[in-house]
Each structure stands twice: as structure tokens, then as C-alpha cells.
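**Student:** My structure is below; once you've seen it, I'll send some questions.
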Amino acid sequence: MKHLFVLFLALVSLNCFSQTEELDNLAIQLAYESSESSKVAISIEIIKNLIALKDFDKALKHIKQSEKLSKKLNSDKKLAQLLYYKALILSLKDDYITSVNLLNKSKALSIKLNDSLFTAEINSKLGAIQIEHGDYKQGIINIKKGIIQLESKNDSPTLSEAYNTLASAYKNINQFKNSQKFYLKNIEINKNLGNREAILQTHIDLAELYIEHKHYKEAVFNFENALTLLDTKNEEYKGRIQPQLGTAYINFKNLDLANRHLIEGLEINRRLKNTEGTIHSLNGLAELNRIKRRFKTAKKLALEAKTLGESINDKQKLLYSYRLLKDLDSLQGNFKQAYLWQSKYFTIKNRLDREKEKKEQLARTLDAITIENDDLKVSTLSKIKVSTVANTQANTPFKLAFYVLIIVFAIALLFLISISIKRNGLLKDIRRLETKNRDIELENKSILEQKEHLESINDIKDKLFSIVSHDLKDSLISTKEFIDLLKDGSISQDEFRSLLPELSDNANNASLLLFNLLNWSKSQMQTLVSNPSLFDIQEVFYEKIKLIDLKLQSKNIQLVDKTVKDVVYADRSMVEIIIQNLLANAVKFCKSGDIITLSNHISNGYALITVADSGIGITEENQRQLFSKNSISTIGTNNEKGTGLGLSICKDLVELNNGRIWVDSTINKGSSFYIELPKDKVKTPELV
């Protein structure tokens with residue numbers, strides 16, 4: 001009857017938590033098992049499954065019952081296993097001290113049984129728990145002991161876990177080479193095991209280690225390897241990889257790839273509500289915009305990253321944001337605010353440097369420790385007998401010498417302490433001086449950057465006044481002279497009408513010049529902003545062809561219109577300026593009898609616009625600097641003048657609308673200018 005009652009309780013108990021088919025099968029086996037030793041073995045399998053399902057309370061109940069049975073059977077092996085699993089559960093419940101004590105008890109039983117493989121597993125787990133709770137010294141020693149045993153037994157799965165834990169521990173205490181060594185070992189062992197998930201995770205961990213130590217080439221290699229192993233639907237890993245990969249590409253000066261990875265990373269992390277990943281993406285995009293001199297956008301992104309960083313108190317990411325904000329305000333002449341960011345930067349940096357110094361000190365201590373695998377050396381007090389013979393007369397001289405040595409040692413120790421105190425005071429003074437020197441260097445750097453910024457603005461001002469005082473002045477004076485002649489009656493109405501085409505040209509040139517000057521100066525000051533909308537590009541072509549009709553007739557140039565209706569998503573006024581500039585340029589460099597061809601079509605989902613001419617062409621040397629800020633104006637075929645700004649502003653306007661512009665030209669055969677514009681809304685760092 002008693003046995004039936006126990007059997008009933010076992011069945012009821014197991015039915016309450018039999019959540020998987022395996023647990024159901026084990027429950028049935030346990031219910032019908034008569035051997036007490038086998039019951040414990042089955043219970044251990046059930047405990048493993050319950051731990052995997054995180055049903056810790058039921059697992060602990062099973063452990064309690066199985067412990068009693070194991071003690072009754074005098075089974076040290078099973079008791080060691082039960083203590084091990086109990087320690088794992090208590091560790092997961094944050095009962096660190098009890099967990100470590102139980103693991104040490106389990107290890108003592110395992111050593112007694114001479115079970116080297118289980119001892120290694122316990123050492124590895126004990127080390128991992130100690131490291132997790134900040135005891136790096138003892139934790140690393142225990143994991144290394146475990147690794148020595150596991151490597152000798154070639155237990156790959158447990159060895160992989162030990163390698164990964166040790167690599168992470170070394171990474172946390174800033175031991176780069178040791179961390180790299182064990183991450184690489186982990187990749188190799190998992191290649192043999194065919195464990196794709198573990199290889200993917202280790203490539204990411206290793207890449208992050210390389211990023212931390214500024215080994216960007218190796219970081220990119222490992223991140224790219226991780227992406228090839230990644231399931232495209234796994235956004236969690238992609239959200240972790242993309243921002244860091246984007247940052248690495250910034251350091252390679254590959255801004256296009258950096259932009260793509262950072263934007264994708266930001267989208268994913270915002271969707272997943274992953275604050276750390278979002279901060280990393282925002283900081284990367286802010287850095288990218290700073291490099292592109294889009295200071296307004298860069299500051300907006302950096303401020304958002306700073307706010308998020310403060311909300312989770314992430315010191316490393318805050319350090320990055322403060323440094324960016326300091327640089328941006330310094331470049332824009334806001335030195336008071338830049339100094340505040342600098343103060344916040346150094347407050348966090350000094351704190352992190354102190355933490356780093358502690359870790360490095362711990363790392364030096366660990367380097368001095370030799371790991372000896374002596375866990376399996378069985379030595380008991382009953383086997384070792386120490387025989388001592390007391391001889392007072394013989395020991396008296398030794399005691400006297402011993403006391404003298406103690407006194408000498410005490411004096412020497414006091415002397416060393418005195419020197420150490422003085423040395424520490426000197427070191428503090430040196431650190432204070434170093435901090436002041438860093439502050440001075442940063443201030444000097446800020447002043448130099450501001451000087452360069454002011455010189456750049458001064459150059460813009462000089463060029464602006466030069467154009468206004470010469471080119472624009474010439475067009476306006478010429479127009480005024482025509483009007484004065486008519487006003488004074490020096491020319492008749494008929495003569496004035498004959499001069500209207502030239503007057504119209506002057507007005508068009510002055511209008512285009514003013515447009516270019518306004519947009520060029522705005523682009524230099526970083527205040528030019530695109531307001532995109534959907535519109536028919538063919539309408540713009542028709543409007544701009546009308547403006548050059550008289551000029552085409554006067555130079556005997558034929559225009560071939562191959563345009564078709566097509567929608568683009570851009571700032572219409574900017575596109576009008578681009579088309580007007582390109583048509584004016586084509587007319588300027590065509591001779592009598594030449595042909596200008598205007599066309600558009602769809603290419604790779606974008607609207608591709610072409611303005612081609614059979615004019616005099618452009619040399620390869622001029623093509624290289626054609627779209628630069630320092631481009632020099634060339635005289636047209638009828639001695640037409642220019643400012644050299646037209647194509648530079650075209651490039652700025654095209655890029656502001658997420659497009660690109662390029663040229664293909666051959667001397668004496670003509671030039672073809674190509675513009676690629678989006679047909680739908682495109683996300684860019686400015687719109688984030």
C-alpha cells in the first residue's frame with residue numbers, strides 16, 4: 001500500500017510539470033522503476049530538463065528527494081551531480097555564496113571518485129560563476145584548471161563553453177591577447193562540432209574585441225563573417241552588428257558603406273526598442289555627418305544619443321556623445337558650450353581610466369599566477385604523518401636570530417611605506433599636471449579648428465564679394481545701359497526690340513547667377529535644406545528649354561528633346577536650378593551647328609536624366625575637379641563668362657536630394673552630364 005501511495009504521488013507530481021514529451025517519458029519510467037539507483041538516475045535527467053525549462057522550484061524539490069535517496073545508497077557520484085545542479089539553480093537565483101559552497105562540495109566528491117571529466121566541468125562552471133560576480137582572479141584560475149582537464153579528455157562541448165567564458169573574462173579585464181587567443185580557439189572547436197550558432201556568436205564577440213582595441217580591419221572581417229552565417233530574419237543579431245560595422249567602415253573612410261549599415265542598424269534597433277543599439281547607431285551617424293560637415297544634423301543625432309545614454313547611464317557611449325558634441329560646438333564657434341561638453345567628457349573619462357587601471361592591475365596579478373592542476377592529487381591527513389621532535393636547547397639560538405630578523409624586517413617595511421607614501425603623492429601631482437595638459441591641448445585644438453573655420457568663412461566671403469563685384473555687376477550694368485539708352489532716346493523702339501534677346505540673356509544670366517550664389521553660400525554655411533515632393537520632371541524640362549530658346553537661335557544650336565513624363569521625389573526648385581545650370585553650360589560650350597540632347601528614363605528604380613552636347617568637351621584634368629568648390633570658370637565658345645559655381649552647386653543640390661551626378665566627356669566630341677534622382681522617399685541620415 002505504501003509503495004502504491006508513493007507511486008501515486010510521483011505520478012501526480014510529474015503530471016503537474018510534464019511540459020515536454022521527454023519529461024512525460026521520464027515520468028513514466030520513474031513511476032515504473034523499482035531500482036532505487038535507477039530512480040535517482042532518472043530523476044537527474046528530469047532535473048536537467050526542468051532546469052532547461054527554467055522550472056527551478058520543481059527541480060529543487062526533485063533534488064531534495066533524490067539527495068536523501070543518494071545518501072541512503074551511499075552514492076557519492078550521484079550526490080556530486082545533485083549538488084552540482086542545485087548549485088546551478090541557486091546561481092541563477094543569485095544566491096552566489098551558497099552556489100559556490102555547493103560546487104566546492106561537489107568538486108570534493110568528484111576528486112574523491114577520481115572523476116577528472118566531471119571535476120573539469122565543475123571547475124569551469126565554478127569559474128564562470130565567480131567571474132560573473134566579479135571574482136576574476138579565482139574564477140580564471142578555476143576555468144584554466146577545467147580547461148587543462150577538458151583538453152586532455154577532448155570534451156569539446158564543455159571545452160567550448162570554457163573557452164568562451166575565459167575569453168569574455170579576459171576581455172573584461174582588458175587583456176586583449178589572451179581574449180583573442182581563446183575566442184579563436186572557440187571558433188576552431190565549434191567548426192569541428194559544426195555548431196553554426198556558436199561560431200556566429202564568437203565572430204561577433206571577437207569583432208567587438210577588435211573594435212574596442214581599434215583593430216578595424218579584423219573587426220570588419222569578423223562582422224562580415226557573422227553576417228554570412230546569419231539568418232536574414234534574425235534582427236537581434238543584425239541590430240547588434242550593423243552599428244558597429246558602420247563605425248568600423250567610418251574608420252576605413254568608406255562612408256557609403258558606413259551610412260548603409262548605420263541606417264539599417266538604427267531602423268532595426270528602434271524597431272526592437274534596443275536602447276544600446278540605438279545609441280550606437282545615432283553616435284555613428286552623428287560622426288558620419290560631422291565628417292560630411294553637416295553639423296546641424298550631426299548635433300541633432302549626437303544630442304539624441306546623449307539623452308538615451310544618460311537614461312541608461314552607459315558611460316562608454318556617453319563618452320563618445322560628449323566628445324562629438326564638444327567637437328561640433330567647437331567647429332561652429334560655440335566655445336562656451338564646447339567647454340561644458342569637454343568637462344563632462346573628462347569627468348567620465350577619468351572615472352573609466354581608474355576602472356581600467358584596476359583591471360590592468362588585476363591582469364598583471366593573474367599573469368604572475370601559475371595554474372597547477374592539482375585537484376586530482378589525492379592526499380589525506382590520514383596518509384600523511386608529520387613527526388616533530390621538540391628540542392628547546394637546540395632551538396634557542398634560532399629563535400633569537402628569528403626575532404632579530406623580524407625587527408630588521410619591520411624597520412625596512414616602515415622605510416618602504418614612507419617611500420611609497422611620498423611616491424603616491426608625486427604620482428597624484430603628475431596625474432593632475434597630465435589632466436591640465438590634456439585640457440590645454442584640447443583648448444588649443446578647439447582654437448585651431450575655429451581658426452580654420454573662420455578662414456574658410458573668410459574665403460567664402462571673398463569669393464562672394466568678388467563674384468558680386470564683377471560678374472553680377474557686369475550683367476546689371478549692361479542691362480541698365482540698355483534701359484538708359486531707351487530712356488534718353490538714343491535708340492529707337494525698333495532698335496531696342498532688336499537688342500531684347502541680348503537683354504533677355506543678361507537677365508537670365510543674372511537670375512541664374514543669383515540663384516547659384518544664394519544656394520552656394522547656404523551650402524557653405526550648412527543651412528541649405530531640401531523640401532522634397534513628387535512632381536513630373538518633364539514639366540521642368542519644358543520650362544527651362546523656353547529660357548534658352550533665344551540663345552539656341554543666336555548660336556545656331558539644335559536642341560533634341562527626348563524627354564518623357566516621369567515622376568521624381570525631390571525639391572522641385574533645386575531640380576530647376578540643376579537643369580537650368582546644365583542647359584546653360586551646354587549652350588555655353590557648343591559651337592554653331594552643334595546639337596544638345598535632353599533625355600530621361602528609369603534606371604535601377606531611379607530617374608536618370610541626361611543632358612548631352614556635341615560641343616568642345618572637357619579635358620580629363622578638368623573633369624577631376626569639375627564638381628569641386630575650387631573649380632575655375634572656363635570661357636565659352638562666344639567668350640561667355642561664368643563664376644565656376646554652377647556645377648559645384650549642382651553637385652550639392654543633387655546630393656541633398658539623395659541623388660548623384662557625374663560626367664562623361666571627350667575633347668572635341670562633346671560632354672554628357674548624368675543625374676540620378678529617387679522616384680520615391682529615401683531614408684537618409686538627415687531624415688532620421
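Each chain in the C-alpha cells gets a letter, A, B and so on, in the order shown; residues start at 1 in every chain, and ligands are counted from 1 in the order they appear.
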Pick out each residue of region 536-642 of chain A that DSSP on the backbone tags as strand (DSSP E); I need them as number ranges by chain.
**Tutor:** A: 536, 558-562, 567-570, 595-603, 606-613
**Student:** Mind checking which residues fall within 10 Å of Gly617 (chain A), counting only C-alpha atoms, ignoring those fewer than 3 positions away in the same chain, and posting them as a short mmCIF file (atom, residue, chain, number, x, y, z; two decimals) with C-alpha atoms, in the first residue's frame?
**Tutor:**
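And here is the file that came out, part.cif:
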```
data_model
loop_
_atom_site.label_atom_id
_atom_site.label_comp_id
_atom_site.auth_asym_id
_atom_site.auth_seq_id
_atom_site.Cartn_x
_atom_site.Cartn_y
_atom_site.Cartn_z
CA ALA A 586 25.75 73.02 -72.73
CA PHE A 589 30.34 75.27 -74.78
CA CYS A 590 28.59 74.48 -78.09
CA ASP A 613 26.02 68.02 -76.20
CA SER A 614 28.36 67.70 -79.19
CA GLU A 620 40.46 64.73 -68.13
CA GLN A 623 36.86 66.60 -65.24
CA ASP A 664 31.42 61.57 -69.41
CA SER A 665 33.33 63.78 -71.86
CA THR A 666 35.75 63.61 -74.80
CA ILE A 667 37.64 66.60 -76.18
CA ASN A 668 36.10 67.97 -79.44
CA LYS A 669 33.35 65.33 -79.31
CA GLY A 670 31.14 66.66 -76.53
CA SER A 671 30.00 66.02 -72.96
CA SER A 672 27.20 64.09 -71.29
#
```
**Student:** Tell me, as a list in words, which residues lie within 6 Å of region 280-297 of chain A, counting only C-alpha atoms; anything in the same chain fewer than 2 positions away does not count.
**Tutor:**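 The residues that qualify are Pro243, Thr247, Leu262, Leu266, Gly277, Thr278, Lys299, Lys300, Leu301, Ala302, Ala305 and Glu686 of chain A.
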**Student:** Go ahead and save the residues from that selection, with all heavy atoms, as a PDB file, in the first residue's frame.
**Tutor:**
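And here's selection_31.pdb as it stands now:
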```
ATOM      1  N   PRO A 243      25.426  48.629 -36.408  1.00  0.00           N
ATOM      2  CA  PRO A 243      26.011  49.898 -35.964  1.00  0.00           C
ATOM      3  C   PRO A 243      27.533  49.828 -35.812  1.00  0.00           C
ATOM      4  O   PRO A 243      28.238  50.768 -36.168  1.00  0.00           O
ATOM      5  CB  PRO A 243      25.339  50.136 -34.599  1.00  0.00           C
ATOM      6  CG  PRO A 243      24.117  49.292 -34.601  1.00  0.00           C
ATOM      7  CD  PRO A 243      24.440  48.106 -35.438  1.00  0.00           C
ATOM      8  N   THR A 247      30.458  51.830 -37.881  1.00  0.00           N
ATOM      9  CA  THR A 247      31.518  52.608 -37.226  1.00  0.00           C
ATOM     10  C   THR A 247      32.894  52.194 -37.733  1.00  0.00           C
ATOM     11  O   THR A 247      33.766  53.034 -37.953  1.00  0.00           O
ATOM     12  CB  THR A 247      31.445  52.408 -35.692  1.00  0.00           C
ATOM     13  OG1 THR A 247      30.133  52.746 -35.239  1.00  0.00           O
ATOM     14  CG2 THR A 247      32.459  53.274 -34.984  1.00  0.00           C
ATOM     15  N   LEU A 262      24.807  51.856 -40.796  1.00  0.00           N
ATOM     16  CA  LEU A 262      24.333  52.624 -39.636  1.00  0.00           C
ATOM     17  C   LEU A 262      22.837  52.891 -39.705  1.00  0.00           C
ATOM     18  O   LEU A 262      22.132  52.785 -38.699  1.00  0.00           O
ATOM     19  CB  LEU A 262      25.110  53.942 -39.531  1.00  0.00           C
ATOM     20  CG  LEU A 262      26.556  53.809 -39.046  1.00  0.00           C
ATOM     21  CD1 LEU A 262      27.334  55.095 -39.284  1.00  0.00           C
ATOM     22  CD2 LEU A 262      26.603  53.441 -37.565  1.00  0.00           C
ATOM     23  N   LEU A 266      20.085  51.494 -37.151  1.00  0.00           N
ATOM     24  CA  LEU A 266      19.183  52.379 -36.405  1.00  0.00           C
ATOM     25  C   LEU A 266      17.730  51.942 -36.567  1.00  0.00           C
ATOM     26  O   LEU A 266      16.966  51.904 -35.598  1.00  0.00           O
ATOM     27  CB  LEU A 266      19.365  53.822 -36.887  1.00  0.00           C
ATOM     28  CG  LEU A 266      18.554  54.875 -36.135  1.00  0.00           C
ATOM     29  CD1 LEU A 266      18.924  54.903 -34.659  1.00  0.00           C
ATOM     30  CD2 LEU A 266      18.750  56.250 -36.746  1.00  0.00           C
ATOM     31  N   GLY A 277      21.779  49.638 -28.832  1.00  0.00           N
ATOM     32  CA  GLY A 277      21.995  49.615 -30.283  1.00  0.00           C
ATOM     33  C   GLY A 277      21.591  50.925 -30.938  1.00  0.00           C
ATOM     34  O   GLY A 277      22.249  51.409 -31.869  1.00  0.00           O
ATOM     35  N   THR A 278      20.497  51.531 -30.448  1.00  0.00           N
ATOM     36  CA  THR A 278      20.048  52.825 -30.989  1.00  0.00           C
ATOM     37  C   THR A 278      21.091  53.905 -30.729  1.00  0.00           C
ATOM     38  O   THR A 278      21.414  54.704 -31.617  1.00  0.00           O
ATOM     39  CB  THR A 278      18.696  53.228 -30.345  1.00  0.00           C
ATOM     40  OG1 THR A 278      17.736  52.198 -30.601  1.00  0.00           O
ATOM     41  CG2 THR A 278      18.187  54.534 -30.931  1.00  0.00           C
ATOM     42  N   LYS A 299      24.668  67.299 -34.845  1.00  0.00           N
ATOM     43  CA  LYS A 299      24.402  67.673 -33.452  1.00  0.00           C
ATOM     44  C   LYS A 299      23.061  67.115 -32.973  1.00  0.00           C
ATOM     45  O   LYS A 299      22.935  66.654 -31.835  1.00  0.00           O
ATOM     46  CB  LYS A 299      24.422  69.197 -33.306  1.00  0.00           C
ATOM     47  CG  LYS A 299      24.346  69.631 -31.843  1.00  0.00           C
ATOM     48  CD  LYS A 299      24.673  71.084 -31.649  1.00  0.00           C
ATOM     49  CE  LYS A 299      24.639  71.437 -30.165  1.00  0.00           C
ATOM     50  NZ  LYS A 299      24.943  72.852 -29.919  1.00  0.00           N
ATOM     51  N   LYS A 300      22.060  67.156 -33.868  1.00  0.00           N
ATOM     52  CA  LYS A 300      20.746  66.613 -33.516  1.00  0.00           C
ATOM     53  C   LYS A 300      20.853  65.132 -33.144  1.00  0.00           C
ATOM     54  O   LYS A 300      20.297  64.678 -32.134  1.00  0.00           O
ATOM     55  CB  LYS A 300      19.798  66.799 -34.702  1.00  0.00           C
ATOM     56  CG  LYS A 300      18.403  66.230 -34.472  1.00  0.00           C
ATOM     57  CD  LYS A 300      17.568  66.349 -35.742  1.00  0.00           C
ATOM     58  CE  LYS A 300      16.229  65.628 -35.605  1.00  0.00           C
ATOM     59  NZ  LYS A 300      15.472  65.641 -36.867  1.00  0.00           N
ATOM     60  N   LEU A 301      21.609  64.365 -33.936  1.00  0.00           N
ATOM     61  CA  LEU A 301      21.784  62.929 -33.683  1.00  0.00           C
ATOM     62  C   LEU A 301      22.581  62.696 -32.406  1.00  0.00           C
ATOM     63  O   LEU A 301      22.242  61.823 -31.595  1.00  0.00           O
ATOM     64  CB  LEU A 301      22.490  62.282 -34.876  1.00  0.00           C
ATOM     65  CG  LEU A 301      21.711  62.252 -36.192  1.00  0.00           C
ATOM     66  CD1 LEU A 301      22.640  61.967 -37.360  1.00  0.00           C
ATOM     67  CD2 LEU A 301      20.598  61.223 -36.151  1.00  0.00           C
ATOM     68  N   ALA A 302      23.662  63.475 -32.216  1.00  0.00           N
ATOM     69  CA  ALA A 302      24.502  63.317 -31.021  1.00  0.00           C
ATOM     70  C   ALA A 302      23.732  63.649 -29.742  1.00  0.00           C
ATOM     71  O   ALA A 302      23.906  62.987 -28.712  1.00  0.00           O
ATOM     72  CB  ALA A 302      25.740  64.196 -31.138  1.00  0.00           C
ATOM     73  N   ALA A 305      21.499  60.745 -28.936  1.00  0.00           N
ATOM     74  CA  ALA A 305      22.311  59.656 -28.375  1.00  0.00           C
ATOM     75  C   ALA A 305      22.701  59.964 -26.932  1.00  0.00           C
ATOM     76  O   ALA A 305      22.661  59.091 -26.058  1.00  0.00           O
ATOM     77  CB  ALA A 305      23.572  59.462 -29.223  1.00  0.00           C
ATOM     78  N   GLU A 686      19.889  62.641 -42.670  1.00  0.00           N
ATOM     79  CA  GLU A 686      19.244  63.915 -42.357  1.00  0.00           C
ATOM     80  C   GLU A 686      17.785  63.739 -41.934  1.00  0.00           C
ATOM     81  O   GLU A 686      17.233  64.562 -41.223  1.00  0.00           O
ATOM     82  CB  GLU A 686      19.282  64.843 -43.582  1.00  0.00           C
ATOM     83  CG  GLU A 686      20.666  65.303 -43.964  1.00  0.00           C
ATOM     84  CD  GLU A 686      21.394  64.309 -44.862  1.00  0.00           C
ATOM     85  OE1 GLU A 686      20.880  63.219 -45.102  1.00  0.00           O
ATOM     86  OE2 GLU A 686      22.496  64.626 -45.315  1.00  0.00           O
TER      87      GLU A 686
END
```
**Student:** Enter the distance from CA of Gln342 (chain A) to CA of Glu304 (chain A), in Å, rounded to one decimal.
**Tutor:** 17.7 Å
**Student:** Please determine, counting only C-alpha atoms, which residue among A:Ile557, A:Val654, A:Ile579, A:Leu608 has the shortest atom-to-atom distance to Ile596 (chain A).
**Tutor:**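 Comparing A:Ile557, A:Val654, A:Ile579, A:Leu608 against Ile596 (chain A), the winner is A:Ile557.
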**Student:** Write out as an NGL selection string which residues come within 9 Å of Arg260 (chain A) when counting only C-alpha atoms, dropping same-chain ones fewer than 5 positions away.
**Tutor:** :A and (242 or 246 or 255 or 265)
**Student:** Can you list, as a list of chain:residue names, every protein, DNA or RNA residue that comes within 9 Å of region 558-568 of chain A when you count only C-alpha atoms, leaving out same-chain residues fewer than 5 positions away?
**Tutor:**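 The neighbour list is A:Ser533, A:Leu534, A:Phe535, A:Asp536, A:Ile537, A:Gln538, A:Glu539, A:Phe541, A:Ile545, A:Leu552, A:Gln553, A:Ser592, A:Gly593, A:Asp594, A:Ile595, A:Ile596, A:Thr597, A:Leu598, A:Ser599, A:Asn600, A:His601, A:Ile602, A:Tyr606, A:Ala607, A:Ile609, A:Leu677, A:Pro678, A:Lys679, A:Asp680.
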**Student:** Given only C-alpha atoms as the basis, pick out the residue of A:Asn154, A:Lys253, A:Phe627, A:Lys64 nearest to Tyr216 (chain A).
**Tutor:**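 Closest candidate: A:Lys253.
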**Student:** Expressed in Å to a single decimal, how great is the separation between CA of Lys681 (chain A) and CA of Tyr569 (chain A)?
**Tutor:**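 These two atoms are separated by 6.4 Å.
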**Student:** Measuring between only C-alpha atoms, which one of A:Phe56, A:Phe346, A:Tyr210, A:Tyr163 shows the shortest distance to Phe176 (chain A)?
**Tutor:**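 Once distances to Phe176 (chain A) are computed over only C-alpha atoms, the minimum belongs to A:Tyr210.
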**Student:** Write out as a PDB file with all heavy atoms, in the first residue's frame the residues lying within 9 Å of Tyr237 (chain A), counting only C-alpha atoms and excluding same-chain residues fewer than 3 positions away.
**Tutor:**
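Dumped to result24.pdb:
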```pdb
ATOM      1  N   GLN A 201      28.155  33.634 -32.882  1.00  0.00           N
ATOM      2  CA  GLN A 201      28.263  34.426 -31.652  1.00  0.00           C
ATOM      3  C   GLN A 201      29.721  34.800 -31.364  1.00  0.00           C
ATOM      4  O   GLN A 201      30.023  35.936 -30.985  1.00  0.00           O
ATOM      5  CB  GLN A 201      27.681  33.637 -30.484  1.00  0.00           C
ATOM      6  CG  GLN A 201      27.756  34.342 -29.140  1.00  0.00           C
ATOM      7  CD  GLN A 201      26.954  35.621 -29.103  1.00  0.00           C
ATOM      8  OE1 GLN A 201      25.766  35.614 -29.365  1.00  0.00           O
ATOM      9  NE2 GLN A 201      27.613  36.727 -28.808  1.00  0.00           N
ATOM     10  N   ILE A 204      31.080  37.565 -33.568  1.00  0.00           N
ATOM     11  CA  ILE A 204      30.603  38.881 -33.113  1.00  0.00           C
ATOM     12  C   ILE A 204      31.405  39.336 -31.891  1.00  0.00           C
ATOM     13  O   ILE A 204      31.861  40.482 -31.829  1.00  0.00           O
ATOM     14  CB  ILE A 204      29.099  38.833 -32.775  1.00  0.00           C
ATOM     15  CG1 ILE A 204      28.269  38.522 -34.038  1.00  0.00           C
ATOM     16  CG2 ILE A 204      28.638  40.159 -32.180  1.00  0.00           C
ATOM     17  CD1 ILE A 204      26.805  38.250 -33.763  1.00  0.00           C
ATOM     18  N   LEU A 227      27.741  37.997 -40.544  1.00  0.00           N
ATOM     19  CA  LEU A 227      26.570  38.282 -41.399  1.00  0.00           C
ATOM     20  C   LEU A 227      26.314  37.157 -42.397  1.00  0.00           C
ATOM     21  O   LEU A 227      25.167  36.867 -42.731  1.00  0.00           O
ATOM     22  CB  LEU A 227      26.766  39.611 -42.139  1.00  0.00           C
ATOM     23  CG  LEU A 227      26.602  40.882 -41.286  1.00  0.00           C
ATOM     24  CD1 LEU A 227      26.962  42.117 -42.094  1.00  0.00           C
ATOM     25  CD2 LEU A 227      25.182  41.009 -40.743  1.00  0.00           C
ATOM     26  N   LEU A 230      24.447  34.488 -40.654  1.00  0.00           N
ATOM     27  CA  LEU A 230      23.216  34.941 -40.004  1.00  0.00           C
ATOM     28  C   LEU A 230      21.977  34.661 -40.841  1.00  0.00           C
ATOM     29  O   LEU A 230      21.964  34.893 -42.047  1.00  0.00           O
ATOM     30  CB  LEU A 230      23.333  36.453 -39.740  1.00  0.00           C
ATOM     31  CG  LEU A 230      22.293  37.098 -38.834  1.00  0.00           C
ATOM     32  CD1 LEU A 230      22.315  36.483 -37.451  1.00  0.00           C
ATOM     33  CD2 LEU A 230      22.554  38.592 -38.741  1.00  0.00           C
ATOM     34  N   ASN A 234      16.887  37.133 -38.440  1.00  0.00           N
ATOM     35  CA  ASN A 234      17.355  37.339 -37.064  1.00  0.00           C
ATOM     36  C   ASN A 234      17.775  38.795 -36.869  1.00  0.00           C
ATOM     37  O   ASN A 234      18.921  39.174 -37.044  1.00  0.00           O
ATOM     38  CB  ASN A 234      18.534  36.410 -36.759  1.00  0.00           C
ATOM     39  CG  ASN A 234      18.829  36.364 -35.271  1.00  0.00           C
ATOM     40  OD1 ASN A 234      18.624  37.332 -34.548  1.00  0.00           O
ATOM     41  ND2 ASN A 234      19.316  35.226 -34.825  1.00  0.00           N
ATOM     42  N   ARG A 240      22.734  44.270 -33.475  1.00  0.00           N
ATOM     43  CA  ARG A 240      23.996  44.357 -32.722  1.00  0.00           C
ATOM     44  C   ARG A 240      25.187  44.588 -33.661  1.00  0.00           C
ATOM     45  O   ARG A 240      26.102  45.347 -33.342  1.00  0.00           O
ATOM     46  CB  ARG A 240      24.186  43.049 -31.942  1.00  0.00           C
ATOM     47  CG  ARG A 240      25.439  43.008 -31.077  1.00  0.00           C
ATOM     48  CD  ARG A 240      25.478  41.709 -30.299  1.00  0.00           C
ATOM     49  NE  ARG A 240      26.769  41.463 -29.690  1.00  0.00           N
ATOM     50  CZ  ARG A 240      27.112  40.318 -29.097  1.00  0.00           C
ATOM     51  NH1 ARG A 240      26.228  39.331 -29.015  1.00  0.00           N
ATOM     52  NH2 ARG A 240      28.306  40.152 -28.575  1.00  0.00           N
ATOM     53  N   ILE A 241      25.146  43.951 -34.842  1.00  0.00           N
ATOM     54  CA  ILE A 241      26.285  44.014 -35.770  1.00  0.00           C
ATOM     55  C   ILE A 241      26.332  45.322 -36.553  1.00  0.00           C
ATOM     56  O   ILE A 241      27.381  45.975 -36.646  1.00  0.00           O
ATOM     57  CB  ILE A 241      26.225  42.816 -36.761  1.00  0.00           C
ATOM     58  CG1 ILE A 241      26.457  41.496 -36.033  1.00  0.00           C
ATOM     59  CG2 ILE A 241      27.249  42.983 -37.880  1.00  0.00           C
ATOM     60  CD1 ILE A 241      26.154  40.269 -36.859  1.00  0.00           C
ATOM     61  N   GLN A 242      25.198  45.732 -37.149  1.00  0.00           N
ATOM     62  CA  GLN A 242      25.199  46.819 -38.134  1.00  0.00           C
ATOM     63  C   GLN A 242      25.801  48.133 -37.624  1.00  0.00           C
ATOM     64  O   GLN A 242      26.619  48.737 -38.312  1.00  0.00           O
ATOM     65  CB  GLN A 242      23.770  47.064 -38.659  1.00  0.00           C
ATOM     66  CG  GLN A 242      23.136  45.886 -39.382  1.00  0.00           C
ATOM     67  CD  GLN A 242      23.732  45.640 -40.764  1.00  0.00           C
ATOM     68  OE1 GLN A 242      24.830  46.065 -41.061  1.00  0.00           O
ATOM     69  NE2 GLN A 242      23.004  44.945 -41.609  1.00  0.00           N
TER      70      GLN A 242
END
```
